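Below is the file model34.cif, which contains mmCIF, C-alpha atoms.
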```cif
data_start
loop_
_atom_site.group_PDB
_atom_site.id
_atom_site.type_symbol
_atom_site.label_atom_id
_atom_site.label_comp_id
_atom_site.auth_asym_id
_atom_site.auth_seq_id
_atom_site.Cartn_x
_atom_site.Cartn_y
_atom_site.Cartn_z
ATOM 1 C CA MET A 1 0.000 0.000 0.000
ATOM 2 C CA GLY A 2 1.217 3.543 -0.612
ATOM 3 C CA ALA A 3 3.421 4.569 2.263
ATOM 4 C CA GLU A 4 2.930 8.241 1.542
ATOM 5 C CA VAL A 5 0.126 9.428 3.735
ATOM 6 C CA ASP A 6 -1.041 12.656 2.310
ATOM 7 C CA HIS A 7 -2.166 15.658 4.264
ATOM 8 C CA VAL A 8 -5.116 14.886 6.460
ATOM 9 C CA SER A 9 -8.376 15.207 4.612
ATOM 10 C CA PRO A 10 -11.374 12.978 4.995
ATOM 11 C CA MET A 11 -12.133 12.607 1.336
ATOM 12 C CA GLY A 12 -8.505 11.892 0.709
ATOM 13 C CA MET A 13 -7.977 15.219 -0.959
ATOM 14 C CA SER A 14 -4.867 17.188 -0.309
ATOM 15 C CA GLY A 15 -4.370 20.905 -0.157
ATOM 16 C CA GLY A 16 -7.117 23.372 0.453
ATOM 17 C CA SER A 17 -7.006 27.091 0.693
ATOM 18 C CA ALA A 18 -3.919 29.047 1.559
ATOM 19 C CA GLU A 19 -3.661 27.660 5.058
ATOM 20 C CA GLY A 20 -2.740 24.017 4.496
ATOM 21 C CA ASN A 21 -3.100 22.955 8.110
ATOM 22 C CA ASP A 22 -0.420 20.369 8.530
ATOM 23 C CA LYS A 23 -1.831 18.656 11.544
ATOM 24 C CA SER A 24 -0.942 15.323 10.069
ATOM 25 C CA GLU A 25 2.680 16.082 10.867
ATOM 26 C CA GLY A 26 2.142 15.695 14.598
ATOM 27 C CA GLN A 27 -0.561 14.770 16.997
ATOM 28 C CA ARG A 28 -3.480 17.054 17.523
ATOM 29 C CA PHE A 29 -3.163 19.207 20.632
ATOM 30 C CA SER A 30 -4.796 17.533 23.610
ATOM 31 C CA CYS A 31 -5.176 18.477 27.244
ATOM 32 C CA LYS A 32 -3.345 16.473 29.936
ATOM 33 C CA ASN A 33 -5.900 16.874 32.696
ATOM 34 C CA LYS A 34 -9.556 16.074 32.620
ATOM 35 C CA LEU A 35 -11.211 19.248 31.423
ATOM 36 C CA THR A 36 -14.917 19.806 30.992
ATOM 37 C CA ALA A 37 -16.880 22.296 28.949
ATOM 38 C CA LEU A 38 -20.448 23.334 28.380
ATOM 39 C CA VAL A 39 -21.745 24.818 25.148
ATOM 40 C CA VAL A 40 -24.912 26.885 25.367
ATOM 41 C CA ASP A 41 -26.380 27.686 21.955
ATOM 42 C CA ASN A 42 -29.871 27.604 20.482
ATOM 43 C CA GLY A 43 -28.499 26.725 17.042
ATOM 44 C CA GLY A 44 -27.953 23.030 16.363
ATOM 45 C CA VAL A 45 -25.176 23.610 13.870
ATOM 46 C CA CYS A 46 -23.174 25.791 16.237
ATOM 47 C CA ARG A 47 -23.729 23.374 19.098
ATOM 48 C CA ALA A 48 -22.524 20.460 16.988
ATOM 49 C CA ILE A 49 -19.426 22.214 15.703
ATOM 50 C CA GLN A 50 -18.342 23.807 18.963
ATOM 51 C CA THR A 51 -18.828 20.534 20.820
ATOM 52 C CA ALA A 52 -16.855 18.576 18.251
ATOM 53 C CA LEU A 53 -14.057 21.144 18.292
ATOM 54 C CA LEU A 54 -13.664 21.056 22.066
ATOM 55 C CA ARG A 55 -13.891 17.270 22.169
ATOM 56 C CA SER A 56 -11.193 17.018 19.535
ATOM 57 C CA TYR A 57 -8.797 18.525 22.083
ATOM 58 C CA GLY A 58 -9.799 16.014 24.728
ATOM 59 C CA VAL A 59 -12.251 18.266 26.552
ATOM 60 C CA GLU A 60 -15.351 16.453 27.825
ATOM 61 C CA THR A 61 -18.076 18.610 26.406
ATOM 62 C CA GLU A 62 -21.816 18.849 26.862
ATOM 63 C CA ALA A 63 -24.199 21.068 24.977
ATOM 64 C CA VAL A 64 -27.550 22.589 25.869
ATOM 65 C CA GLU A 65 -29.996 24.636 23.898
ATOM 66 C CA THR A 66 -31.045 27.273 26.390
ATOM 67 C CA GLY A 67 -29.717 29.456 29.167
ATOM 68 C CA GLU A 68 -32.304 27.961 31.505
ATOM 69 C CA ALA A 69 -30.998 24.460 30.814
ATOM 70 C CA ALA A 70 -27.457 25.610 31.521
ATOM 71 C CA VAL A 71 -28.466 27.199 34.788
ATOM 72 C CA GLN A 72 -30.393 24.092 35.795
ATOM 73 C CA LEU A 73 -27.431 21.879 34.995
ATOM 74 C CA ILE A 74 -25.108 23.890 37.182
ATOM 75 C CA ALA A 75 -27.698 24.222 39.914
ATOM 76 C CA SER A 76 -27.844 20.439 39.989
ATOM 77 C CA GLY A 77 -24.164 20.344 40.820
ATOM 78 C CA ALA A 78 -22.436 19.967 37.476
ATOM 79 C CA THR A 79 -19.187 21.882 37.155
ATOM 80 C CA PHE A 80 -17.328 22.908 34.044
ATOM 81 C CA ASN A 81 -13.905 24.406 33.449
ATOM 82 C CA LEU A 82 -15.183 26.291 30.428
ATOM 83 C CA ILE A 83 -18.637 27.530 29.469
ATOM 84 C CA ILE A 84 -19.350 29.023 26.071
ATOM 85 C CA ILE A 85 -22.577 30.983 25.855
ATOM 86 C CA GLU A 86 -24.284 32.421 22.782
ATOM 87 C CA MET A 87 -25.376 36.036 23.139
ATOM 88 C CA LEU A 88 -28.866 35.916 21.691
ATOM 89 C CA LEU A 89 -30.472 33.011 23.483
ATOM 90 C CA PRO A 90 -34.282 33.209 23.488
ATOM 91 C CA VAL A 91 -35.667 33.451 27.052
ATOM 92 C CA LEU A 92 -32.645 33.859 29.309
ATOM 93 C CA ASN A 93 -30.134 35.671 27.115
ATOM 94 C CA GLY A 94 -26.377 35.083 27.196
ATOM 95 C CA PRO A 95 -25.365 37.698 29.740
ATOM 96 C CA GLU A 96 -28.275 36.844 32.027
ATOM 97 C CA THR A 97 -27.301 33.197 31.872
ATOM 98 C CA ALA A 98 -23.727 34.105 32.754
ATOM 99 C CA ARG A 99 -24.945 36.261 35.616
ATOM 100 C CA GLN A 100 -27.022 33.460 37.093
ATOM 101 C CA ILE A 101 -24.188 30.992 36.717
ATOM 102 C CA ARG A 102 -21.803 33.333 38.504
ATOM 103 C CA ALA A 103 -24.400 33.961 41.190
ATOM 104 C CA MET A 104 -24.281 30.259 41.999
ATOM 105 C CA GLY A 105 -20.587 30.579 42.667
ATOM 106 C CA ALA A 106 -19.316 28.903 39.521
ATOM 107 C CA GLN A 107 -15.627 29.583 38.901
ATOM 108 C CA SER A 108 -15.694 28.423 35.305
ATOM 109 C CA LYS A 109 -14.076 30.382 32.559
ATOM 110 C CA ILE A 110 -17.035 31.893 30.724
ATOM 111 C CA LEU A 111 -16.804 32.956 27.123
ATOM 112 C CA GLY A 112 -19.594 34.890 25.461
ATOM 113 C CA ILE A 113 -19.933 34.186 21.749
ATOM 114 C CA THR A 114 -21.941 35.892 19.044
ATOM 115 C CA ALA A 115 -22.605 35.974 15.323
ATOM 116 C CA PHE A 116 -22.182 39.742 15.030
ATOM 117 C CA PHE A 117 -19.695 41.463 17.296
ATOM 118 C CA ASP A 118 -21.278 44.355 19.130
ATOM 119 C CA GLU A 119 -19.589 46.442 21.813
ATOM 120 C CA ARG A 120 -22.775 46.787 23.822
ATOM 121 C CA HIS A 121 -23.138 43.033 23.966
ATOM 122 C CA GLN A 122 -19.522 42.678 24.934
ATOM 123 C CA GLN A 123 -20.014 45.086 27.818
ATOM 124 C CA GLU A 124 -23.170 43.288 28.889
ATOM 125 C CA PHE A 125 -21.405 39.961 28.953
ATOM 126 C CA LEU A 126 -18.342 41.191 30.783
ATOM 127 C CA ALA A 127 -20.479 43.038 33.327
ATOM 128 C CA ALA A 128 -22.347 39.797 33.917
ATOM 129 C CA GLY A 129 -19.115 38.048 34.802
ATOM 130 C CA ALA A 130 -17.909 36.559 31.537
ATOM 131 C CA ASP A 131 -14.163 36.414 30.978
ATOM 132 C CA GLY A 132 -14.246 37.097 27.281
ATOM 133 C CA PHE A 133 -16.428 37.734 24.261
ATOM 134 C CA ILE A 134 -15.749 36.543 20.750
ATOM 135 C CA GLU A 135 -17.332 36.442 17.336
ATOM 136 C CA LYS A 136 -18.151 33.096 15.737
ATOM 137 C CA PRO A 137 -16.726 30.796 14.559
ATOM 138 C CA LEU A 138 -15.090 29.232 17.582
ATOM 139 C CA SER A 139 -11.665 28.532 16.157
ATOM 140 C CA PRO A 140 -8.548 26.627 17.218
ATOM 141 C CA GLU A 141 -6.766 29.989 17.460
ATOM 142 C CA ILE A 142 -9.176 31.052 20.182
ATOM 143 C CA VAL A 143 -9.754 27.768 21.899
ATOM 144 C CA ILE A 144 -6.319 26.164 22.122
ATOM 145 C CA PRO A 145 -4.760 28.918 24.265
ATOM 146 C CA ILE A 146 -7.768 28.814 26.585
ATOM 147 C CA ILE A 147 -7.622 25.050 26.982
ATOM 148 C CA TRP A 148 -3.851 25.188 27.412
ATOM 149 C CA GLU A 149 -4.186 27.740 30.179
ATOM 150 C CA LEU A 150 -6.924 25.808 31.969
ATOM 151 C CA ASP A 151 -4.850 22.665 31.632
ATOM 152 C CA ASN A 152 -1.659 24.164 33.003
ATOM 153 C CA TYR A 153 -3.006 26.346 35.725
ATOM 154 C CA MET A 154 -5.534 24.083 37.366
ATOM 155 C CA MET B 1 -7.583 3.601 -11.920
ATOM 156 C CA GLU B 2 -10.982 5.107 -12.107
ATOM 157 C CA ARG B 3 -11.251 5.721 -8.398
ATOM 158 C CA ASN B 4 -8.036 7.721 -8.262
ATOM 159 C CA GLN B 5 -9.224 9.774 -11.163
ATOM 160 C CA MET B 6 -12.497 10.434 -9.410
ATOM 161 C CA ARG B 7 -10.626 11.512 -6.311
ATOM 162 C CA ARG B 8 -8.387 13.834 -8.245
ATOM 163 C CA GLN B 9 -11.394 15.418 -9.883
ATOM 164 C CA LEU B 10 -13.085 15.711 -6.543
ATOM 165 C CA ALA B 11 -10.009 17.445 -5.132
ATOM 166 C CA LEU B 12 -10.145 19.981 -7.955
ATOM 167 C CA ILE B 13 -13.829 20.581 -7.396
ATOM 168 C CA ARG B 14 -13.221 21.057 -3.706
ATOM 169 C CA GLN B 15 -10.400 23.487 -4.379
ATOM 170 C CA SER B 16 -12.652 25.485 -6.697
ATOM 171 C CA PHE B 17 -15.079 26.077 -3.832
ATOM 172 C CA PHE B 18 -12.306 27.924 -2.006
ATOM 173 C CA ASP B 19 -10.872 29.652 -5.058
ATOM 174 C CA GLN B 20 -14.274 30.954 -6.089
ATOM 175 C CA GLY B 21 -15.080 32.167 -2.593
ATOM 176 C CA PHE B 22 -17.960 29.838 -1.820
ATOM 177 C CA LEU B 23 -16.210 28.362 1.191
ATOM 178 C CA ASP B 24 -13.551 29.632 3.572
ATOM 179 C CA GLU B 25 -11.069 28.075 6.034
ATOM 180 C CA GLN B 26 -13.826 27.267 8.483
ATOM 181 C CA PHE B 27 -14.883 24.447 6.163
ATOM 182 C CA ILE B 28 -11.405 23.007 6.519
ATOM 183 C CA GLN B 29 -11.871 23.102 10.290
ATOM 184 C CA LEU B 30 -14.916 20.898 9.810
ATOM 185 C CA GLU B 31 -12.921 18.496 7.697
ATOM 186 C CA GLU B 32 -10.282 18.383 10.418
ATOM 187 C CA LEU B 33 -12.943 17.256 12.861
ATOM 188 C CA GLN B 34 -13.878 14.286 10.726
ATOM 189 C CA ASP B 35 -12.230 11.046 11.771
ATOM 190 C CA ASP B 36 -12.959 7.392 12.445
ATOM 191 C CA ALA B 37 -15.248 8.243 15.333
ATOM 192 C CA ASN B 38 -17.086 10.796 13.178
ATOM 193 C CA PRO B 39 -16.596 9.561 9.618
ATOM 194 C CA ASN B 40 -19.386 11.652 8.109
ATOM 195 C CA PHE B 41 -19.104 14.712 10.275
ATOM 196 C CA VAL B 42 -18.870 17.265 7.484
ATOM 197 C CA GLU B 43 -21.816 15.974 5.527
ATOM 198 C CA GLU B 44 -23.880 15.594 8.702
ATOM 199 C CA VAL B 45 -23.217 19.137 9.834
ATOM 200 C CA VAL B 46 -23.896 20.558 6.391
ATOM 201 C CA THR B 47 -27.136 18.585 6.190
ATOM 202 C CA LEU B 48 -28.126 19.906 9.583
ATOM 203 C CA TYR B 49 -27.287 23.411 8.401
ATOM 204 C CA TYR B 50 -29.589 23.130 5.402
ATOM 205 C CA ARG B 51 -32.363 21.664 7.484
ATOM 206 C CA ASP B 52 -32.207 24.342 10.184
ATOM 207 C CA SER B 53 -31.655 27.153 7.711
ATOM 208 C CA SER B 54 -34.680 26.276 5.615
ATOM 209 C CA ARG B 55 -36.835 27.005 8.649
ATOM 210 C CA LEU B 56 -35.048 30.286 9.265
ATOM 211 C CA ILE B 57 -35.490 31.286 5.631
ATOM 212 C CA LEU B 58 -39.209 30.612 5.879
ATOM 213 C CA ASN B 59 -39.429 32.739 9.011
ATOM 214 C CA ILE B 60 -37.502 35.573 7.407
ATOM 215 C CA ASP B 61 -39.610 35.414 4.234
ATOM 216 C CA GLN B 62 -42.737 35.692 6.332
ATOM 217 C CA ALA B 63 -41.294 38.483 8.420
ATOM 218 C CA LEU B 64 -40.399 40.390 5.235
ATOM 219 C CA GLU B 65 -44.048 40.347 4.224
ATOM 220 C CA ARG B 66 -45.075 42.377 7.206
ATOM 221 C CA ASN B 67 -45.659 46.066 6.914
ATOM 222 C CA PRO B 68 -43.895 47.769 8.539
ATOM 223 C CA LEU B 69 -40.965 45.428 8.976
ATOM 224 C CA ASP B 70 -39.977 44.339 12.434
ATOM 225 C CA PHE B 71 -36.248 44.986 12.106
ATOM 226 C CA ASN B 72 -35.496 43.652 15.531
ATOM 227 C CA LYS B 73 -37.072 40.305 14.744
ATOM 228 C CA LEU B 74 -35.302 40.173 11.394
ATOM 229 C CA ASP B 75 -32.029 40.973 13.091
ATOM 230 C CA ASN B 76 -32.517 38.090 15.515
ATOM 231 C CA TYR B 77 -33.258 35.628 12.726
ATOM 232 C CA MET B 78 -30.249 36.828 10.795
ATOM 233 C CA HIS B 79 -28.090 36.510 13.870
ATOM 234 C CA GLN B 80 -28.756 32.810 13.982
ATOM 235 C CA PHE B 81 -28.410 32.435 10.235
ATOM 236 C CA LYS B 82 -25.070 34.173 10.208
ATOM 237 C CA GLY B 83 -23.859 32.147 13.165
ATOM 238 C CA SER B 84 -24.459 28.838 11.464
ATOM 239 C CA SER B 85 -23.335 30.018 8.031
ATOM 240 C CA THR B 86 -20.091 31.289 9.488
ATOM 241 C CA SER B 87 -19.601 28.041 11.355
ATOM 242 C CA ILE B 88 -19.699 25.901 8.239
ATOM 243 C CA GLY B 89 -17.563 28.292 6.222
ATOM 244 C CA ALA B 90 -20.276 29.471 3.822
ATOM 245 C CA LYS B 91 -18.393 32.575 2.751
ATOM 246 C CA LYS B 92 -20.764 34.210 0.273
ATOM 247 C CA VAL B 93 -23.837 33.451 2.346
ATOM 248 C CA LYS B 94 -22.111 34.959 5.366
ATOM 249 C CA ALA B 95 -21.362 38.145 3.413
ATOM 250 C CA GLU B 96 -25.027 38.500 2.471
ATOM 251 C CA CYS B 97 -26.005 37.998 6.111
ATOM 252 C CA THR B 98 -23.712 40.843 7.105
ATOM 253 C CA GLN B 99 -25.126 43.064 4.365
ATOM 254 C CA PHE B 100 -28.660 42.245 5.418
ATOM 255 C CA ARG B 101 -27.879 43.219 8.956
ATOM 256 C CA GLU B 102 -26.516 46.578 7.861
ATOM 257 C CA TYR B 103 -29.817 47.312 6.130
ATOM 258 C CA CYS B 104 -31.690 46.170 9.243
ATOM 259 C CA LYS B 105 -29.731 48.539 11.424
ATOM 260 C CA ALA B 106 -30.413 51.340 8.957
ATOM 261 C CA GLY B 107 -34.100 50.468 8.824
ATOM 262 C CA ASN B 108 -33.861 50.022 5.071
ATOM 263 C CA SER B 109 -36.708 47.699 3.995
ATOM 264 C CA GLU B 110 -35.860 47.788 0.327
ATOM 265 C CA GLY B 111 -32.257 46.900 1.065
ATOM 266 C CA CYS B 112 -33.277 44.035 3.343
ATOM 267 C CA MET B 113 -35.570 42.527 0.763
ATOM 268 C CA ARG B 114 -33.083 42.851 -2.065
ATOM 269 C CA THR B 115 -30.277 41.400 -0.008
ATOM 270 C CA PHE B 116 -32.376 38.505 1.147
ATOM 271 C CA GLN B 117 -33.142 37.544 -2.442
ATOM 272 C CA GLN B 118 -29.424 37.544 -3.120
ATOM 273 C CA LEU B 119 -28.764 35.566 0.034
ATOM 274 C CA LYS B 120 -31.234 32.884 -0.992
ATOM 275 C CA LYS B 121 -29.537 32.625 -4.365
ATOM 276 C CA GLU B 122 -26.098 32.146 -2.859
ATOM 277 C CA TYR B 123 -27.503 29.711 -0.347
ATOM 278 C CA ALA B 124 -29.127 27.610 -3.077
ATOM 279 C CA ILE B 125 -26.006 27.632 -5.246
ATOM 280 C CA LEU B 126 -23.840 26.421 -2.387
ATOM 281 C CA LYS B 127 -26.381 23.793 -1.460
ATOM 282 C CA ARG B 128 -26.356 22.343 -4.977
ATOM 283 C CA LYS B 129 -22.577 22.332 -5.091
ATOM 284 C CA LEU B 130 -22.167 20.656 -1.731
ATOM 285 C CA GLU B 131 -24.842 18.060 -2.365
ATOM 286 C CA ALA B 132 -23.188 17.086 -5.637
ATOM 287 C CA TYR B 133 -19.791 17.080 -3.979
ATOM 288 C CA PHE B 134 -20.830 14.760 -1.155
ATOM 289 C CA GLN B 135 -22.590 12.445 -3.562
ATOM 290 C CA GLN B 136 -19.500 12.145 -5.734
ATOM 291 C CA ALA B 137 -17.307 11.716 -2.669
ATOM 292 C CA ARG B 138 -19.408 8.771 -1.624
ATOM 293 C CA GLN B 139 -18.994 7.232 -5.049
ATOM 294 C CA ALA B 140 -15.256 7.776 -4.982
ATOM 295 C CA GLY B 141 -15.149 5.989 -1.639
ATOM 296 C CA PRO B 142 -12.910 6.558 1.348
ATOM 297 C CA LEU B 143 -9.143 6.376 1.115
ATOM 298 C CA GLU B 144 -7.467 3.505 2.938
ATOM 299 C CA THR B 145 -4.707 5.660 4.342
ATOM 300 C CA ALA B 146 -3.763 5.840 7.984
ATOM 301 C CA CYS B 147 -5.985 8.161 9.882
ATOM 302 C CA ARG B 148 -4.898 11.150 11.853
ATOM 303 C CA SER B 149 -3.839 10.159 15.332
ATOM 304 C CA ARG B 150 -6.152 11.050 18.155
ATOM 305 C CA ASN B 151 -5.551 10.914 21.855
#
```
Let's see the structure in the file written out as structure tokens.
Amino acid sequence: MGAEVDHVSPMGMSGGSAEGNDKSEGQRFSCKNKLTALVVDNGGVCRAIQTALLRSYGVETEAVETGEAAVQLIASGATFNLIIIEMLLPVLNGPETARQIRAMGAQSKILGITAFFDERHQQEFLAAGADGFIEKPLSPEIVIPIIWELDNYM
Amino acid sequence: MERNQMRRQLALIRQSFFDQGFLDEQFIQLEELQDDANPNFVEEVVTLYYRDSSRLILNIDQALERNPLDFNKLDNYMHQFKGSSTSIGAKKVKAECTQFREYCKAGNSEGCMRTFQQLKKEYAILKRKLEAYFQQARQAGPLETACRSRN
């Protein structure tokens, strides 16, 4: 069989756009400790992708559709190292969800996330106790440093 | 070998999606997430995208029929649409979403309606391309190379 394993690509295609991620050269980054994350997003696509991304780095990740569900989960005793919360959630919005989570004493790193960056929303989130606010998509560039920090400064 | 030829053609088609601006690097991120545990991740996510988006499009179409327009509602719908479009790397669709939102913020009904027609066009074009691509990929079959290592 051909010994030359080409660049990682599911369909067996090589190349791509300018980037050419050469992750096939080494192992994918993975955390040493057991890290947990919660994704809170009312969009199924975003939930699926963010969850898969975090899991690919070894982070045990759960996803819920609403702020209320997130609050309930934490109220029931679940803890997470990282919580990613969409801004425009229907009933309990992102910042309000973050506020309630913080009010329960959760020490998690909380990241607000949104489709359209807006300074007002950023301020709302930070005032509610979030640690950061980013625009989608959740990317390796954003997530790897966060995971690395959580992993090394537990 | 016919299969290799199919794969080469498929690679060129895939590359054209990037070169012509239909997809951006985020799509590659999706491909990177596909592995033995999730062998059809990309197609599954894209299918989910089209399923969820069709509902959003219906909602937006209906909202655009109101008079006057509820720009806040439209903005909320578009927020979700942009979020998912961005997440799968749908570059042109994402650009239309951004344009739409600008018109929403400006309270420009005409602009919103025009942009949404354009958005639906781009959306449909990408859908056709991706559906054909996945179908051909299935015919070409998976490569028997070693998979990316995972912890």
For this session: Skip Gln99 in chain B itself and residues of its chain fewer than 2 positions away, then list as a PyMOL selection string all residues within 12 Å of it, counting only C-alpha atoms.
Result: (chain A and resi 116) or (chain B and resi 75+78-79+82+92-97+101-106+108+111-119)
Problem set entry | Picked residues, the PyMOL selection byres ((chain A and resi 73-77) around 12), expected as a ChimeraX atom specification | /A:37-40,62-72,78-81,83,97-98,100-108
Convert the output of the PyMOL selection byres ((chain A and resi 144-152) around 12) on the shown file into explicit residues, formatted as a PDB file with C-alpha atoms, in the frame of the given file.
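Written out: selection38.pdb:
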```
ATOM      1  CA  ARG A  28      -3.480  17.054  17.523  1.00  0.00           C
ATOM      2  CA  PHE A  29      -3.163  19.207  20.632  1.00  0.00           C
ATOM      3  CA  SER A  30      -4.796  17.533  23.610  1.00  0.00           C
ATOM      4  CA  CYS A  31      -5.176  18.477  27.244  1.00  0.00           C
ATOM      5  CA  LYS A  32      -3.345  16.473  29.936  1.00  0.00           C
ATOM      6  CA  ASN A  33      -5.900  16.874  32.696  1.00  0.00           C
ATOM      7  CA  LYS A  34      -9.556  16.074  32.620  1.00  0.00           C
ATOM      8  CA  LEU A  35     -11.211  19.248  31.423  1.00  0.00           C
ATOM      9  CA  THR A  36     -14.917  19.806  30.992  1.00  0.00           C
ATOM     10  CA  ALA A  37     -16.880  22.296  28.949  1.00  0.00           C
ATOM     11  CA  LEU A  53     -14.057  21.144  18.292  1.00  0.00           C
ATOM     12  CA  LEU A  54     -13.664  21.056  22.066  1.00  0.00           C
ATOM     13  CA  ARG A  55     -13.891  17.270  22.169  1.00  0.00           C
ATOM     14  CA  SER A  56     -11.193  17.018  19.535  1.00  0.00           C
ATOM     15  CA  TYR A  57      -8.797  18.525  22.083  1.00  0.00           C
ATOM     16  CA  GLY A  58      -9.799  16.014  24.728  1.00  0.00           C
ATOM     17  CA  VAL A  59     -12.251  18.266  26.552  1.00  0.00           C
ATOM     18  CA  GLU A  60     -15.351  16.453  27.825  1.00  0.00           C
ATOM     19  CA  PHE A  80     -17.328  22.908  34.044  1.00  0.00           C
ATOM     20  CA  ASN A  81     -13.905  24.406  33.449  1.00  0.00           C
ATOM     21  CA  LEU A  82     -15.183  26.291  30.428  1.00  0.00           C
ATOM     22  CA  ILE A  83     -18.637  27.530  29.469  1.00  0.00           C
ATOM     23  CA  ILE A  84     -19.350  29.023  26.071  1.00  0.00           C
ATOM     24  CA  GLN A 107     -15.627  29.583  38.901  1.00  0.00           C
ATOM     25  CA  SER A 108     -15.694  28.423  35.305  1.00  0.00           C
ATOM     26  CA  LYS A 109     -14.076  30.382  32.559  1.00  0.00           C
ATOM     27  CA  ILE A 110     -17.035  31.893  30.724  1.00  0.00           C
ATOM     28  CA  LEU A 111     -16.804  32.956  27.123  1.00  0.00           C
ATOM     29  CA  ASP A 131     -14.163  36.414  30.978  1.00  0.00           C
ATOM     30  CA  GLY A 132     -14.246  37.097  27.281  1.00  0.00           C
ATOM     31  CA  LEU A 138     -15.090  29.232  17.582  1.00  0.00           C
ATOM     32  CA  SER A 139     -11.665  28.532  16.157  1.00  0.00           C
ATOM     33  CA  PRO A 140      -8.548  26.627  17.218  1.00  0.00           C
ATOM     34  CA  GLU A 141      -6.766  29.989  17.460  1.00  0.00           C
ATOM     35  CA  ILE A 142      -9.176  31.052  20.182  1.00  0.00           C
ATOM     36  CA  VAL A 143      -9.754  27.768  21.899  1.00  0.00           C
ATOM     37  CA  TYR A 153      -3.006  26.346  35.725  1.00  0.00           C
ATOM     38  CA  MET A 154      -5.534  24.083  37.366  1.00  0.00           C
TER      39      MET A 154
END
```
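Rounded to one decimal, CA of Ile113 in chain A and CA of Pro137 in chain A lie 8.6 Å from each other.
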For this session: Find the residues near Gln26 in chain B: any atom within 8 Å, counting only C-alpha atoms, skip ones fewer than 5 places away on the same chain, and give them as a list in words.
Result: Pro137 of chain A; Thr86, Ser87, Ile88 and Gly89 of chain B
Exercise. So how many Å separate CA of Tyr49 in chain B and CA of Lys129 in chain B, to one decimal?
Worked result: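 A separation of 14.3 Å between them.
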If I only want range 134-145 of chain A, can you write it with N, CA, C and O atoms, as a compact mmCIF listing (two decimals), in the first residue's frame?
```txt
# COMPACT_ATOMS: atom_id res chain seq x y z
N ILE A 134 -16.31 36.70 22.09
CA ILE A 134 -15.75 36.54 20.75
C ILE A 134 -16.84 36.41 19.69
O ILE A 134 -17.99 36.13 19.98
N GLU A 135 -16.42 36.62 18.45
CA GLU A 135 -17.33 36.44 17.34
C GLU A 135 -17.16 35.05 16.77
O GLU A 135 -16.04 34.53 16.71
N LYS A 136 -18.24 34.43 16.34
CA LYS A 136 -18.15 33.10 15.74
C LYS A 136 -17.37 33.20 14.43
O LYS A 136 -17.39 34.24 13.77
N PRO A 137 -16.70 32.15 14.01
CA PRO A 137 -16.73 30.80 14.56
C PRO A 137 -15.73 30.61 15.70
O PRO A 137 -14.74 31.32 15.80
N LEU A 138 -16.04 29.62 16.56
CA LEU A 138 -15.09 29.23 17.58
C LEU A 138 -13.95 28.52 16.86
O LEU A 138 -14.16 27.53 16.20
N SER A 139 -12.78 29.06 16.95
CA SER A 139 -11.66 28.53 16.16
C SER A 139 -10.57 27.96 17.04
O SER A 139 -10.50 28.28 18.23
N PRO A 140 -9.69 27.14 16.46
CA PRO A 140 -8.55 26.63 17.22
C PRO A 140 -7.70 27.77 17.79
O PRO A 140 -7.21 27.67 18.91
N GLU A 141 -7.57 28.85 17.01
CA GLU A 141 -6.77 29.99 17.46
C GLU A 141 -7.26 30.55 18.78
O GLU A 141 -6.50 30.99 19.63
N ILE A 142 -8.57 30.54 18.94
CA ILE A 142 -9.18 31.05 20.18
C ILE A 142 -9.10 29.99 21.28
O ILE A 142 -8.74 30.27 22.41
N VAL A 143 -9.47 28.79 20.91
CA VAL A 143 -9.75 27.77 21.90
C VAL A 143 -8.51 27.08 22.47
O VAL A 143 -8.46 26.76 23.65
N ILE A 144 -7.51 26.87 21.63
CA ILE A 144 -6.32 26.16 22.12
C ILE A 144 -5.62 26.92 23.26
O ILE A 144 -5.31 26.32 24.30
N PRO A 145 -5.38 28.21 23.14
CA PRO A 145 -4.76 28.92 24.27
C PRO A 145 -5.59 28.84 25.54
O PRO A 145 -5.04 28.75 26.64
```
